[in-house]
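Okay, structure first, notes after.
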Amino acid sequence: RVQPVESGGGSVQAGGSLRLSCAASAYIYSSSTNMGWFRQAPGKEREGVATINIRTGGTYYGDSVKGRFTISQDNAKSTLYLQMNSLKPEDTAMYYCAATTQWIGYGRVLTEPAQFNNWGQGTQVTVSS
């Protein structure tokens, strides 16, 4: 099984933007029900940023990123994106892409880290004030 691979992280000033990409193998992408972005800052628990039901396009956003971040998918490229705008210092964290084959009902969007079973290595996002 091949892990998803994240890219696009970096350092940016507050108010700036970054676009993260997550490349998955065609097998992972086609067999997953949901994919998503999670983040973990030092000393904090991993939290859901945005997730998407690959089959229906339904999405979930964490409260702290609503209106600023947008998750999207490119089925032809088996790739997931996270457009991050109006970045804040509190967005600083390691961002992980994850996929899951778990199914709890048609169209359901999974949101919890424990529900995802295939994780990338992460990409660091640092936002300075």
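Labels for the structure tokens follow display order: chains A, B, ..., residues from 1 in each chain, ligands from 1.
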
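Inside chain A, the residues DSSP reads as helix (DSSP H, G or I) when given the backbone are Ala26, Tyr27, Ile28, Tyr29, Ser30, Ser31, Asn75, Ala76, Lys77, Pro89, Glu90, Asp91, Pro113, Ala114 and Gln115 of chain A.
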
For C-alpha atoms, I'd like the residues from the last selection saved as a tab-separated table (two decimals), in the first residue's frame.
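again.tsv was written with the following content:
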chain	number	residue	atom	x	y	z
A	26	ALA	CA	-5.03	5.53	-8.49
A	27	TYR	CA	-5.73	2.48	-6.33
A	28	ILE	CA	-5.92	4.45	-3.10
A	29	TYR	CA	-8.02	7.18	-4.68
A	30	SER	CA	-10.51	4.84	-6.31
A	31	SER	CA	-10.89	2.61	-3.25
A	75	ASN	CA	-10.42	12.73	-10.03
A	76	ALA	CA	-8.40	12.55	-13.23
A	77	LYS	CA	-5.18	13.16	-11.30
A	89	PRO	CA	-0.31	32.29	12.97
A	90	GLU	CA	-2.58	29.76	14.70
A	91	ASP	CA	-2.74	27.81	11.43
A	113	PRO	CA	-8.66	11.16	12.48
A	114	ALA	CA	-9.44	7.70	13.88
A	115	GLN	CA	-11.70	7.04	10.91

### Query
Near A:Glu45, within 12 Å and counting only C-alpha atoms, which residues show up once chain neighbours fewer than 3 positions away are dropped, as a ChimeraX atom specification?
/A:38-42,48,93-94,112-114

Since we have the selection now, will you write its residues out, keeping C-alpha atoms, as a PDB file, in the first residue's frame?
ATOM      1  CA  PHE A  38      -5.666  17.150   9.219  1.00  0.00           C
ATOM      2  CA  ARG A  39      -3.162  19.180  11.175  1.00  0.00           C
ATOM      3  CA  GLN A  40      -1.183  18.860  14.352  1.00  0.00           C
ATOM      4  CA  ALA A  41       0.633  21.622  16.156  1.00  0.00           C
ATOM      5  CA  PRO A  42       3.280  20.895  18.814  1.00  0.00           C
ATOM      6  CA  GLY A  48      -9.631  17.730  11.237  1.00  0.00           C
ATOM      7  CA  ALA A  93       1.122  23.077  12.098  1.00  0.00           C
ATOM      8  CA  MET A  94       2.122  19.932  10.291  1.00  0.00           C
ATOM      9  CA  GLU A 112     -12.343  12.136  12.776  1.00  0.00           C
ATOM     10  CA  PRO A 113      -8.663  11.159  12.483  1.00  0.00           C
ATOM     11  CA  ALA A 114      -9.438   7.701  13.884  1.00  0.00           C
TER      12      ALA A 114
END

If you count only C-alpha atoms, which residues fall within 7 Å of A:Asn53, apart from same-chain ones fewer than 3 positions away, as a PDB file with N, CA and C atoms, in the first residue's frame?
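Final output, selection.pdb:
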ATOM      1  N   THR A  33     -13.307   6.089   0.358  1.00  0.00           N
ATOM      2  CA  THR A  33     -14.619   6.725   0.442  1.00  0.00           C
ATOM      3  C   THR A  33     -14.461   8.211   0.769  1.00  0.00           C
ATOM      4  N   ASN A  34     -13.494   8.502   1.603  1.00  0.00           N
ATOM      5  CA  ASN A  34     -13.234   9.865   2.027  1.00  0.00           C
ATOM      6  C   ASN A  34     -11.729  10.124   2.034  1.00  0.00           C
ATOM      7  N   MET A  35     -11.384  11.376   1.787  1.00  0.00           N
ATOM      8  CA  MET A  35     -10.018  11.850   1.976  1.00  0.00           C
ATOM      9  C   MET A  35     -10.095  13.178   2.702  1.00  0.00           C
ATOM     10  N   THR A  56     -19.180  11.599  -3.517  1.00  0.00           N
ATOM     11  CA  THR A  56     -20.264  12.567  -3.688  1.00  0.00           C
ATOM     12  C   THR A  56     -19.798  14.019  -3.706  1.00  0.00           C
ATOM     13  N   GLY A  57     -18.574  14.278  -3.226  1.00  0.00           N
ATOM     14  CA  GLY A  57     -18.088  15.651  -3.147  1.00  0.00           C
ATOM     15  C   GLY A  57     -18.533  16.395  -1.915  1.00  0.00           C
ATOM     16  N   GLY A  58     -19.265  15.727  -1.036  1.00  0.00           N
ATOM     17  CA  GLY A  58     -19.664  16.371   0.207  1.00  0.00           C
ATOM     18  C   GLY A  58     -18.447  16.724   1.039  1.00  0.00           C
ATOM     19  N   THR A  59     -18.496  17.851   1.751  1.00  0.00           N
ATOM     20  CA  THR A  59     -17.336  18.335   2.473  1.00  0.00           C
ATOM     21  C   THR A  59     -17.636  18.650   3.933  1.00  0.00           C
ATOM     22  N   GLY A 107     -22.769   8.804   1.080  1.00  0.00           N
ATOM     23  CA  GLY A 107     -22.704  10.249   1.151  1.00  0.00           C
ATOM     24  C   GLY A 107     -22.197  10.809   2.455  1.00  0.00           C
ATOM     25  N   ARG A 108     -21.953   9.951   3.450  1.00  0.00           N
ATOM     26  CA  ARG A 108     -21.488  10.455   4.739  1.00  0.00           C
ATOM     27  C   ARG A 108     -20.063  10.956   4.629  1.00  0.00           C
ATOM     28  N   VAL A 109     -19.795  12.055   5.276  1.00  0.00           N
ATOM     29  CA  VAL A 109     -18.459  12.640   5.276  1.00  0.00           C
ATOM     30  C   VAL A 109     -17.798  12.320   6.613  1.00  0.00           C
TER      31      VAL A 109
END

### Query
Out of A:Val2, A:Leu87, A:Ile104, A:Cys97, which residue has the shortest atom-to-atom distance to A:Ala50 when counting only C-alpha atoms?
A:Cys97

### DSSP strand (DSSP E or B) residues within stretch 39-115 of chain A, listed as a PyMOL selection string
chain A and resi 39-40+47-53+59-61+69-74+79-84+93-100

### Message
Which residues are near A:Met84? Cut-off 8 Å, only C-alpha atoms, ignore same chain within fewer than 3 positions. Put them as a PyMOL selection string.
### Response
chain A and resi 17-20+68-70+87

### Task
Report the distance between atom CA of A:Gly15 and atom CA of A:Thr126 in Å, rounded to one decimal place.
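It comes out at 12.1 Å.
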
#### Entry: Pairwise distance for atom CA of A:Ala98 and atom CA of A:Val127, rounded to one decimal in Å
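Computing it gives 22.3 Å between the two atoms.
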